[in-house]
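Listing of structure-v7.cif, mmCIF, C-alpha atoms
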```
data_input
loop_
_atom_site.label_atom_id
_atom_site.label_comp_id
_atom_site.auth_asym_id
_atom_site.auth_seq_id
_atom_site.Cartn_x
_atom_site.Cartn_y
_atom_site.Cartn_z
CA MET A 1 15.29 -13.36 11.13
CA ILE A 2 13.01 -14.32 14.04
CA HIS A 3 14.15 -11.19 15.88
CA LEU A 4 13.16 -9.02 12.90
CA ILE A 5 9.76 -10.72 12.58
CA GLY A 6 9.22 -10.17 16.29
CA ASN A 7 9.96 -6.47 15.91
CA LEU A 8 7.46 -6.21 13.07
CA ILE A 9 4.78 -7.99 15.10
CA LEU A 10 5.35 -5.68 18.05
CA ALA A 11 5.34 -2.60 15.82
CA PHE A 12 2.03 -3.69 14.26
CA ALA A 13 0.41 -4.15 17.68
CA LEU A 14 1.55 -0.66 18.69
CA LEU A 15 0.23 0.76 15.42
CA GLN A 16 -3.16 -0.83 16.06
CA LEU A 17 -3.16 0.67 19.54
CA PHE A 18 -2.33 4.11 18.12
CA VAL A 19 -5.17 3.91 15.56
CA ALA A 20 -7.66 2.69 18.18
CA LEU A 21 -6.60 5.51 20.51
CA MET A 22 -7.05 8.10 17.75
CA ASN A 23 -10.54 6.78 17.01
CA PHE A 24 -11.34 7.00 20.73
CA LEU A 25 -9.96 10.53 21.22
CA PHE A 26 -11.29 12.02 17.98
CA LYS A 27 -14.56 10.14 17.66
CA GLU A 28 -16.95 12.03 15.41
CA ARG A 29 -20.46 12.71 16.66
CA LEU A 30 -23.67 13.76 14.99
CA PRO A 31 -24.60 17.43 15.63
CA LEU A 32 -27.64 18.39 17.63
CA THR A 33 -30.72 19.84 15.92
CA ASN A 34 -33.75 21.81 17.09
CA ALA A 35 -37.41 21.59 16.14
CA SER A 36 -37.45 24.87 14.21
CA GLU A 37 -34.39 24.12 12.09
CA GLU A 38 -34.89 23.81 8.34
CA LEU A 39 -33.40 20.61 6.90
CA PRO A 40 -33.27 19.12 3.40
CA SER A 41 -35.91 16.51 2.58
CA LEU A 42 -35.17 12.82 3.06
CA SER A 43 -36.48 9.56 1.61
CA LEU A 44 -35.93 6.49 3.77
CA LEU A 45 -35.46 3.33 1.70
CA ILE A 46 -35.63 -0.21 3.09
CA PRO A 47 -34.77 -3.35 1.09
CA ALA A 48 -36.58 -6.28 2.69
CA ARG A 49 -36.45 -10.00 1.96
CA ASN A 50 -38.11 -12.33 4.47
CA GLU A 51 -37.91 -9.75 7.26
CA GLU A 52 -41.18 -10.44 9.10
CA GLU A 53 -39.32 -10.65 12.42
CA ASN A 54 -37.68 -7.24 11.97
CA ILE A 55 -39.60 -4.93 9.67
CA GLY A 56 -42.40 -4.18 12.13
CA HIS A 57 -39.94 -3.05 14.80
CA LEU A 58 -38.20 -0.65 12.41
CA LEU A 59 -41.44 0.79 10.99
CA GLY A 60 -42.73 1.17 14.54
CA ASP A 61 -39.64 3.22 15.37
CA LEU A 62 -40.10 5.39 12.29
CA ILE A 63 -43.73 6.31 12.95
CA ASN A 64 -43.00 7.13 16.59
CA ILE A 65 -40.08 9.50 16.12
CA SER A 66 -40.44 13.15 15.15
CA ASP A 67 -37.60 13.21 12.62
CA ARG A 68 -38.52 14.81 9.30
CA ILE A 69 -38.91 11.91 6.90
CA LYS A 70 -40.70 12.76 3.67
CA GLU A 71 -41.39 9.16 2.71
CA VAL A 72 -40.58 5.60 3.75
CA ILE A 73 -40.41 3.16 0.85
CA VAL A 74 -40.01 -0.58 1.39
CA CYS A 75 -39.04 -2.90 -1.45
CA ASP A 76 -40.41 -6.40 -0.87
CA ASP A 77 -37.67 -8.48 -2.50
CA LYS A 78 -39.68 -11.61 -3.33
CA SER A 79 -40.32 -12.46 0.32
CA THR A 80 -41.97 -15.78 1.08
CA ASP A 81 -43.09 -14.76 4.57
CA ASN A 82 -45.38 -12.03 5.93
CA THR A 83 -43.06 -9.10 5.23
CA ALA A 84 -45.37 -7.47 2.67
CA SER A 85 -48.53 -7.76 4.79
CA ILE A 86 -46.80 -6.22 7.81
CA VAL A 87 -45.65 -3.26 5.71
CA LYS A 88 -49.18 -2.81 4.34
CA GLU A 89 -50.56 -2.67 7.87
CA PHE A 90 -48.13 0.12 8.76
CA ALA A 91 -48.90 1.94 5.49
CA GLN A 92 -52.53 2.20 6.62
CA ARG A 93 -51.37 3.91 9.81
CA ASP A 94 -48.88 6.35 8.22
CA VAL A 95 -49.30 7.82 4.72
CA ARG A 96 -45.53 8.26 4.37
CA ILE A 97 -45.03 4.48 4.22
CA ARG A 98 -45.25 2.82 0.81
CA LEU A 99 -44.59 -0.74 -0.34
CA ILE A 100 -43.23 -1.62 -3.76
CA ALA A 101 -42.91 -5.14 -5.13
CA GLY A 102 -39.42 -5.99 -6.30
CA ASN A 103 -38.95 -7.22 -9.85
CA ASP A 104 -37.43 -10.59 -10.69
CA LEU A 105 -33.71 -10.58 -9.99
CA PRO A 106 -31.61 -10.25 -13.18
CA ASP A 107 -28.75 -12.73 -13.59
CA ASP A 108 -26.04 -10.08 -13.28
CA TRP A 109 -27.28 -8.51 -10.01
CA ASN A 110 -27.14 -9.38 -6.35
CA GLY A 111 -30.45 -9.16 -4.53
CA LYS A 112 -29.81 -6.31 -2.11
CA SER A 113 -28.16 -4.07 -4.70
CA TYR A 114 -31.08 -4.58 -7.07
CA ALA A 115 -33.61 -3.80 -4.35
CA CYS A 116 -31.72 -0.61 -3.45
CA TYR A 117 -31.55 0.38 -7.11
CA GLN A 118 -35.32 -0.02 -7.49
CA LEU A 119 -35.93 1.96 -4.31
CA ALA A 120 -33.79 4.85 -5.55
CA LEU A 121 -35.88 5.06 -8.73
CA GLU A 122 -38.97 5.66 -6.58
CA ALA A 123 -37.45 8.26 -4.24
CA ASP A 124 -37.91 12.01 -4.60
CA SER A 125 -35.97 13.87 -1.88
CA ASP A 126 -32.73 15.76 -1.40
CA TYR A 127 -31.23 12.85 0.55
CA LEU A 128 -31.63 9.08 0.28
CA LEU A 129 -31.14 6.90 3.37
CA PHE A 130 -30.81 3.17 2.77
CA LEU A 131 -31.57 1.32 5.98
CA ASP A 132 -31.54 -2.43 6.61
CA ALA A 133 -34.75 -3.89 8.01
CA ASP A 134 -33.04 -5.17 11.19
CA VAL A 135 -31.83 -1.70 12.24
CA ARG A 136 -33.52 0.17 15.09
CA VAL A 137 -33.67 3.97 15.08
CA GLY A 138 -34.06 6.36 18.01
CA GLU A 139 -35.39 9.90 18.27
CA GLY A 140 -33.43 12.58 16.43
CA VAL A 141 -30.66 10.54 14.80
CA ILE A 142 -32.02 10.88 11.25
CA ASN A 143 -32.33 14.67 11.53
CA ARG A 144 -28.86 14.82 13.04
CA SER A 145 -27.46 12.67 10.22
CA VAL A 146 -28.96 15.00 7.61
CA LYS A 147 -27.51 17.99 9.43
CA TYR A 148 -24.08 16.30 9.53
CA MET A 149 -24.22 15.66 5.78
CA ASP A 150 -25.26 19.25 5.11
CA ARG A 151 -22.71 20.79 7.47
CA TYR A 152 -19.72 18.91 6.07
CA ARG A 153 -21.02 18.79 2.49
CA CYS A 154 -20.73 15.04 2.36
CA SER A 155 -21.95 13.03 -0.59
CA MET A 156 -22.32 9.91 1.54
CA LEU A 157 -22.51 9.14 5.26
CA SER A 158 -22.40 5.61 6.61
CA VAL A 159 -23.06 4.79 10.25
CA PHE A 160 -21.98 1.52 11.85
CA PRO A 161 -24.90 0.76 14.18
CA THR A 162 -24.28 -0.13 17.80
CA GLN A 163 -24.38 -3.92 17.75
CA GLU A 164 -26.69 -5.80 20.10
CA MET A 165 -25.30 -9.21 21.06
CA HIS A 166 -27.13 -11.61 23.36
CA SER A 167 -25.76 -15.11 22.74
CA LEU A 168 -22.19 -16.33 23.15
CA GLY A 169 -22.12 -17.12 19.43
CA GLU A 170 -22.80 -13.46 18.62
CA LYS A 171 -20.23 -12.21 21.12
CA ILE A 172 -17.41 -14.27 19.62
CA THR A 173 -18.21 -13.33 16.02
CA VAL A 174 -19.75 -9.86 15.59
CA PRO A 175 -17.07 -7.77 17.43
CA ASN A 176 -14.43 -8.82 14.91
CA MET A 177 -15.85 -6.35 12.39
CA GLN A 178 -15.47 -3.39 14.73
CA ILE A 179 -12.07 -4.47 16.09
CA ILE A 180 -10.61 -4.77 12.59
CA LEU A 181 -12.12 -1.48 11.44
CA LEU A 182 -11.15 0.68 14.40
CA SER A 183 -7.65 -0.74 14.81
CA LEU A 184 -6.70 -0.35 11.14
CA LEU A 185 -8.58 2.75 9.93
CA PRO A 186 -8.58 6.21 11.56
CA LEU A 187 -12.25 7.03 10.94
CA PRO A 188 -11.87 10.85 10.97
CA LEU A 189 -9.58 10.50 7.95
CA VAL A 190 -12.37 8.88 5.94
CA ARG A 191 -13.91 12.36 5.65
CA LEU A 192 -10.74 14.45 5.78
CA ALA A 193 -8.45 12.53 3.41
CA TRP A 194 -9.05 11.88 -0.27
CA PHE A 195 -7.24 8.53 -0.57
CA PRO A 196 -9.69 5.78 -1.68
CA SER A 197 -7.91 3.32 0.62
CA LEU A 198 -9.09 5.42 3.59
CA SER A 199 -12.70 4.39 3.09
CA ALA A 200 -15.30 2.42 4.96
CA ALA A 201 -19.05 1.92 4.89
CA ASN A 202 -21.76 -0.28 6.32
CA GLY A 203 -24.76 -1.10 4.16
CA GLN A 204 -27.00 -1.16 7.23
CA PHE A 205 -27.06 2.66 7.19
CA MET A 206 -25.97 4.57 4.10
CA MET A 207 -27.14 8.10 3.33
CA PHE A 208 -26.50 9.79 -0.03
CA ARG A 209 -27.08 13.15 -1.59
CA ARG A 210 -29.67 12.33 -4.23
CA ASP A 211 -27.91 14.27 -6.98
CA THR A 212 -24.63 12.42 -6.33
CA TYR A 213 -26.42 9.08 -6.21
CA LYS A 214 -28.12 9.76 -9.54
CA GLU A 215 -24.82 10.89 -11.05
CA LEU A 216 -22.78 7.84 -9.98
CA ASP A 217 -25.54 5.19 -9.85
CA PRO A 218 -23.49 3.19 -7.30
CA HIS A 219 -25.72 0.16 -6.77
CA ARG A 220 -25.81 -0.45 -10.51
CA LYS A 221 -22.04 0.05 -10.68
CA PHE A 222 -21.45 -2.64 -8.04
CA ARG A 223 -24.52 -4.72 -8.75
CA LYS A 224 -22.71 -8.08 -8.39
CA SER A 225 -20.41 -7.23 -5.47
CA ARG A 226 -20.59 -9.17 -2.20
CA ALA A 227 -19.44 -6.01 -0.37
CA GLU A 228 -21.09 -3.22 -2.35
CA ASP A 229 -21.02 -0.85 0.64
CA ILE A 230 -17.21 -0.89 0.89
CA GLU A 231 -16.74 -0.72 -2.87
CA ILE A 232 -19.19 2.17 -3.18
CA SER A 233 -17.31 4.21 -0.57
CA ARG A 234 -13.99 3.70 -2.35
CA TYR A 235 -15.54 4.46 -5.72
CA MET A 236 -16.99 7.73 -4.45
CA LYS A 237 -13.58 8.73 -3.11
CA ARG A 238 -12.07 8.01 -6.52
CA LYS A 239 -14.72 10.32 -8.00
CA HIS A 240 -13.63 13.03 -5.51
CA LYS A 241 -16.85 12.89 -3.49
CA ARG A 242 -16.68 13.48 0.24
CA VAL A 243 -17.46 10.39 2.30
CA SER A 244 -17.80 9.98 6.05
CA CYS A 245 -18.08 7.00 8.38
CA ILE A 246 -19.19 7.13 12.02
CA THR A 247 -19.59 4.48 14.70
CA GLY A 248 -20.86 4.26 18.25
CA VAL A 249 -24.11 6.21 17.73
CA LYS A 250 -26.39 4.94 20.50
CA GLY A 251 -29.59 5.90 18.67
CA ILE A 252 -28.80 3.54 15.79
CA ARG A 253 -28.61 -0.09 16.82
CA CYS A 254 -28.89 -3.49 15.27
CA ARG A 255 -28.83 -7.16 16.16
CA MET A 256 -26.99 -8.27 13.07
CA TYR A 257 -27.06 -12.05 13.59
CA HIS A 258 -28.97 -14.32 15.96
CA SER A 259 -26.62 -17.31 15.83
CA MET A 260 -22.99 -18.18 15.28
CA ARG A 261 -23.90 -20.07 12.10
CA ASP A 262 -25.55 -17.02 10.54
CA ALA A 263 -22.60 -14.84 11.56
CA VAL A 264 -20.05 -17.16 9.97
CA GLU A 265 -22.09 -17.32 6.77
CA GLY A 266 -22.56 -13.54 6.73
CA PHE A 267 -19.02 -12.46 7.49
CA SER A 268 -17.43 -15.05 5.20
CA LYS A 269 -18.95 -13.32 2.17
CA ASN A 270 -17.14 -10.03 2.77
CA VAL A 271 -14.34 -10.54 5.32
CA ILE A 272 -11.64 -10.33 2.64
CA TYR A 273 -12.92 -6.87 1.67
CA PHE A 274 -12.03 -5.67 5.19
CA PHE A 275 -8.41 -6.00 4.05
CA GLY A 276 -8.61 -4.27 0.69
CA ASN A 277 -9.93 -7.44 -0.98
CA SER A 278 -6.54 -9.05 -0.31
CA LEU A 279 -6.62 -12.68 0.78
CA SER A 280 -2.94 -12.59 1.70
CA GLY A 281 -3.57 -9.44 3.77
CA ALA A 282 -6.39 -11.17 5.67
CA ILE A 283 -4.28 -14.25 6.38
CA ILE A 284 -1.25 -12.23 7.51
CA TYR A 285 -3.45 -10.11 9.78
CA TRP A 286 -4.92 -13.22 11.39
CA LEU A 287 -1.53 -14.87 11.89
CA VAL A 288 0.07 -11.74 13.36
CA THR A 289 -2.80 -10.85 15.71
CA THR A 290 -3.47 -14.44 16.79
CA LEU A 291 -0.05 -16.12 16.91
CA GLY A 292 2.29 -13.14 17.20
CA PHE A 293 3.06 -14.04 20.81
CA VAL A 294 4.56 -17.37 19.68
CA VAL A 295 7.33 -15.57 17.77
CA LEU A 296 8.12 -13.33 20.74
CA LEU A 297 8.23 -16.35 23.05
CA ALA A 298 10.49 -18.23 20.65
CA ASP A 299 12.83 -15.24 20.61
CA GLY A 300 12.92 -15.22 24.41
CA ARG A 301 11.73 -11.61 24.62
CA ILE A 302 9.51 -11.57 27.68
CA GLU A 303 9.49 -7.77 27.94
CA ALA A 304 8.44 -7.45 24.30
CA LEU A 305 5.77 -10.09 24.89
CA LEU A 306 4.32 -8.09 27.78
CA ILE A 307 4.29 -4.93 25.66
CA TRP A 308 2.51 -6.84 22.87
CA LEU A 309 -0.07 -8.17 25.31
CA ALA A 310 -0.67 -4.75 26.86
CA ALA A 311 -1.04 -3.13 23.42
CA THR A 312 -3.46 -5.85 22.26
CA LEU A 313 -5.66 -5.55 25.35
CA LEU A 314 -5.64 -1.74 25.33
CA THR A 315 -6.63 -1.77 21.66
CA ARG A 316 -9.66 -3.86 22.53
CA ILE A 317 -10.56 -1.57 25.40
CA PHE A 318 -10.46 1.59 23.25
CA VAL A 319 -12.37 -0.07 20.40
CA SER A 320 -15.03 -1.38 22.77
CA ILE A 321 -15.59 2.01 24.38
CA THR A 322 -15.70 3.81 21.03
CA THR A 323 -18.24 1.39 19.57
CA VAL A 324 -20.31 0.98 22.76
CA MET A 325 -19.48 -2.71 23.18
CA ARG A 326 -18.91 -4.47 26.50
CA VAL A 327 -15.23 -4.11 27.35
CA LEU A 328 -15.08 -7.19 29.56
CA ASP A 329 -16.60 -9.43 26.88
CA ASN A 330 -14.00 -8.41 24.31
CA LEU A 331 -11.17 -9.02 26.79
CA LEU A 332 -12.33 -12.39 28.07
CA LEU A 333 -13.35 -13.65 24.62
CA PHE A 334 -10.15 -12.63 22.82
CA VAL A 335 -9.12 -16.20 21.95
CA PRO A 336 -12.47 -17.48 20.63
CA GLN A 337 -12.98 -14.23 18.68
CA GLN A 338 -9.62 -14.71 16.97
CA LEU A 339 -10.45 -18.34 16.20
CA MET A 340 -13.76 -17.29 14.66
CA LEU A 341 -12.01 -14.70 12.51
CA GLY A 342 -9.85 -17.51 11.18
CA LYS A 343 -12.99 -19.51 10.48
CA PHE A 344 -14.47 -16.58 8.52
CA ILE A 345 -11.37 -16.46 6.34
CA VAL A 346 -11.26 -20.23 5.76
CA ARG A 347 -14.97 -20.32 4.92
CA SER A 348 -14.50 -17.40 2.53
CA ILE A 349 -11.68 -19.23 0.74
CA LEU A 350 -13.74 -22.41 0.41
CA ASN A 351 -16.88 -20.60 -0.74
CA SER A 352 -14.88 -18.61 -3.28
CA ARG A 353 -13.19 -21.73 -4.64
CA ASN A 354 -16.44 -23.71 -4.83
CA LYS A 355 -18.58 -20.69 -5.80
CA THR A 356 -20.99 -21.46 -2.98
CA PHE A 357 -21.57 -18.03 -1.41
CA ARG A 358 -25.22 -17.79 -0.40
CA TRP A 359 -27.29 -15.16 1.36
CA LYS A 360 -31.03 -14.92 1.98
CA GLY A 361 -31.51 -18.17 0.07
CA ARG A 362 -29.72 -16.93 -3.05
CA SER A 363 -26.35 -17.64 -4.58
CA ILE A 364 -24.16 -14.52 -4.65
#
```

File written out as structure tokens:
Amino acid sequence: MIHLIGNLILAFALLQLFVALMNFLFKERLPLTNASEELPSLSLLIPARNEEENIGHLLGDLINISDRIKEVIVCDDKSTDNTASIVKEFAQRDVRIRLIAGNDLPDDWNGKSYACYQLALEADSDYLLFLDADVRVGEGVINRSVKYMDRYRCSMLSVFPTQEMHSLGEKITVPNMQIILLSLLPLPLVRLAWFPSLSAANGQFMMFRRDTYKELDPHRKFRKSRAEDIEISRYMKRKHKRVSCITGVKGIRCRMYHSMRDAVEGFSKNVIYFFGNSLSGAIIYWLVTTLGFVVLLADGRIEALLIWLAATLLTRIFVSITTVMRVLDNLLLFVPQQLMLGKFIVRSILNSRNKTFRWKGRSI
């Protein structure tokens, strides 16, 4: 039996390596655009709750790039800081920027989904781009994203921003998201295959065709979900809408969390969704990728152990290059990253059992 389990562990490591290699070799890129090119109109929509440290940086990016943005609408989601006043200052500098005050949160909604829903009601463009307030945007990437959507006739495009990590706490937590994604899901198949299971999305950057958004009303559909981005992408696939997911775009970056505590709290609310909302799948993944070597050692298979180790390290190298992360960090920090993934899962179990999920000061 131990020999069979060892074979399965080794096969899974090789499968992860194959998927990571495919994502590296066939990485999708946004097309180039030129100044004279006609593009559909776009509304940029930003949900913001207590984002005084971030919102000014994003709005500063938006007024300094030449991308064709028809309007920028910010929903102040009951902030208790200076978010609203900062947005008003930028609105005086650029007529495209507009602030709306979010309504009181209904009992059957989560905050971000409700803010996005209210923003969509205000928008009037061919495309809607929902952007988190902590994202930074470089020249040309919005035009190129619109062109990508138009070229491939996508109903939704989600971009995983390049993650900025400065502290050790960030480096041992944040990369887990990218490592899981790019070692389990061949991203080109998100657009090319119609299976809902081959779906992914990141709520930090989600662009929709306005007509499709109005037809499916996705934020209302998943108004109480802790991982509405993932559920929306799968739902759109089930409705036979074309979805695409891209990572490693240098012009779209984000510092997702500023501390290990925030990262644990953030990832614990949706880590199970990374595995098809299967708790058993998450636990098995963690055991196999963290303790798989123990089984191979117990079976006395040194050659198999070396193959497992090589496959595991190569997977991290390909994922790191594809997502523009530091390769050396993800090799040296393998053990603490795996331990933190286990902590995410345990915290998720406890929060689910005690119904204590919280985000931005709200229960979710």

Please expand the PyMOL selection byres ((chain A and resi 156) around 12) into the concrete residues it hits in this file, giving the result as a count of residues only. 49

Across A:Ser225, A:Asn103, A:Gln204, A:Ser268, the smallest distance to A:Arg347, with all atoms listed in the file counted, is shown by A:Ser268

Quick one: pull the distance between atom CA of A:Gly140 and atom CA of A:Val74, Å, one decimal. 21.0 Å

Can you list, as a tab-separated table (two decimals) with C-alpha atoms, in the frame of the given file, every protein, DNA or RNA residue that comes within 12 Å of A:Leu328 when you count only C-alpha atoms, leaving out same-chain residues fewer than 3 positions away?
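Produced file result.tsv, reproduced below:
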```tsv
chain	number	residue	atom	x	y	z
A	171	LYS	CA	-20.23	-12.21	21.12
A	313	LEU	CA	-5.66	-5.55	25.35
A	314	LEU	CA	-5.64	-1.74	25.33
A	316	ARG	CA	-9.66	-3.86	22.53
A	317	ILE	CA	-10.56	-1.57	25.40
A	318	PHE	CA	-10.46	1.59	23.25
A	319	VAL	CA	-12.37	-0.07	20.40
A	320	SER	CA	-15.03	-1.38	22.77
A	321	ILE	CA	-15.59	2.01	24.38
A	324	VAL	CA	-20.31	0.98	22.76
A	325	MET	CA	-19.48	-2.71	23.18
A	331	LEU	CA	-11.17	-9.02	26.79
A	332	LEU	CA	-12.33	-12.39	28.07
A	333	LEU	CA	-13.35	-13.65	24.62
A	334	PHE	CA	-10.15	-12.63	22.82
```

Which neighbours of A:Ile272 fall inside 8 Å, counting only C-alpha atoms, when residues of the same chain fewer than 4 positions from it are skipped, and could you give them as number ranges by chain? A: 268, 276-279, 282, 345, 348

Enclose all atoms of stretch 68-82 of chain A listed in the file in an axis-aligned box, grow every side by 6 Å, and hand back centre and edge lengths in Å to one decimal, as JSON.
```
{"center_x": -41.5, "center_y": -0.5, "center_z": 3.0, "size_x": 19.7, "size_y": 42.6, "size_z": 24.6}
```

Determine, counting only C-alpha atoms, which protein, DNA and RNA residues have an atom within 9 Å of an atom of A:Ala84; residues of the same chain fewer than 3 positions away are not included. Present the result as a PyMOL selection string. chain A and resi 48+50+52+74-76+79+81+87-89+99-101

Can you measure atom CA of A:Leu62 to atom CA of A:Phe222 for me? One decimal in Å is fine. 28.7 Å

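Between atom CA of A:Leu341 and atom CA of A:His219 there is a distance of 27.9 Å.
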
Could I get the residues of stretch 327-353 of chain A with an atom no further than 8 Å from an atom of stretch 174-188 of chain A, each paired with its nearest atom pair and that distance in Å to one decimal, using all atoms listed in the file, sorted by chain and residue number, as CSV?
```
residue,atom,partner,partner_atom,distance
A:Asn330,CA,A:Pro175,CA,7.6
A:Gln337,CA,A:Asn176,CA,6.8
A:Gln338,CA,A:Asn176,CA,7.9
A:Leu341,CA,A:Asn176,CA,6.8
```
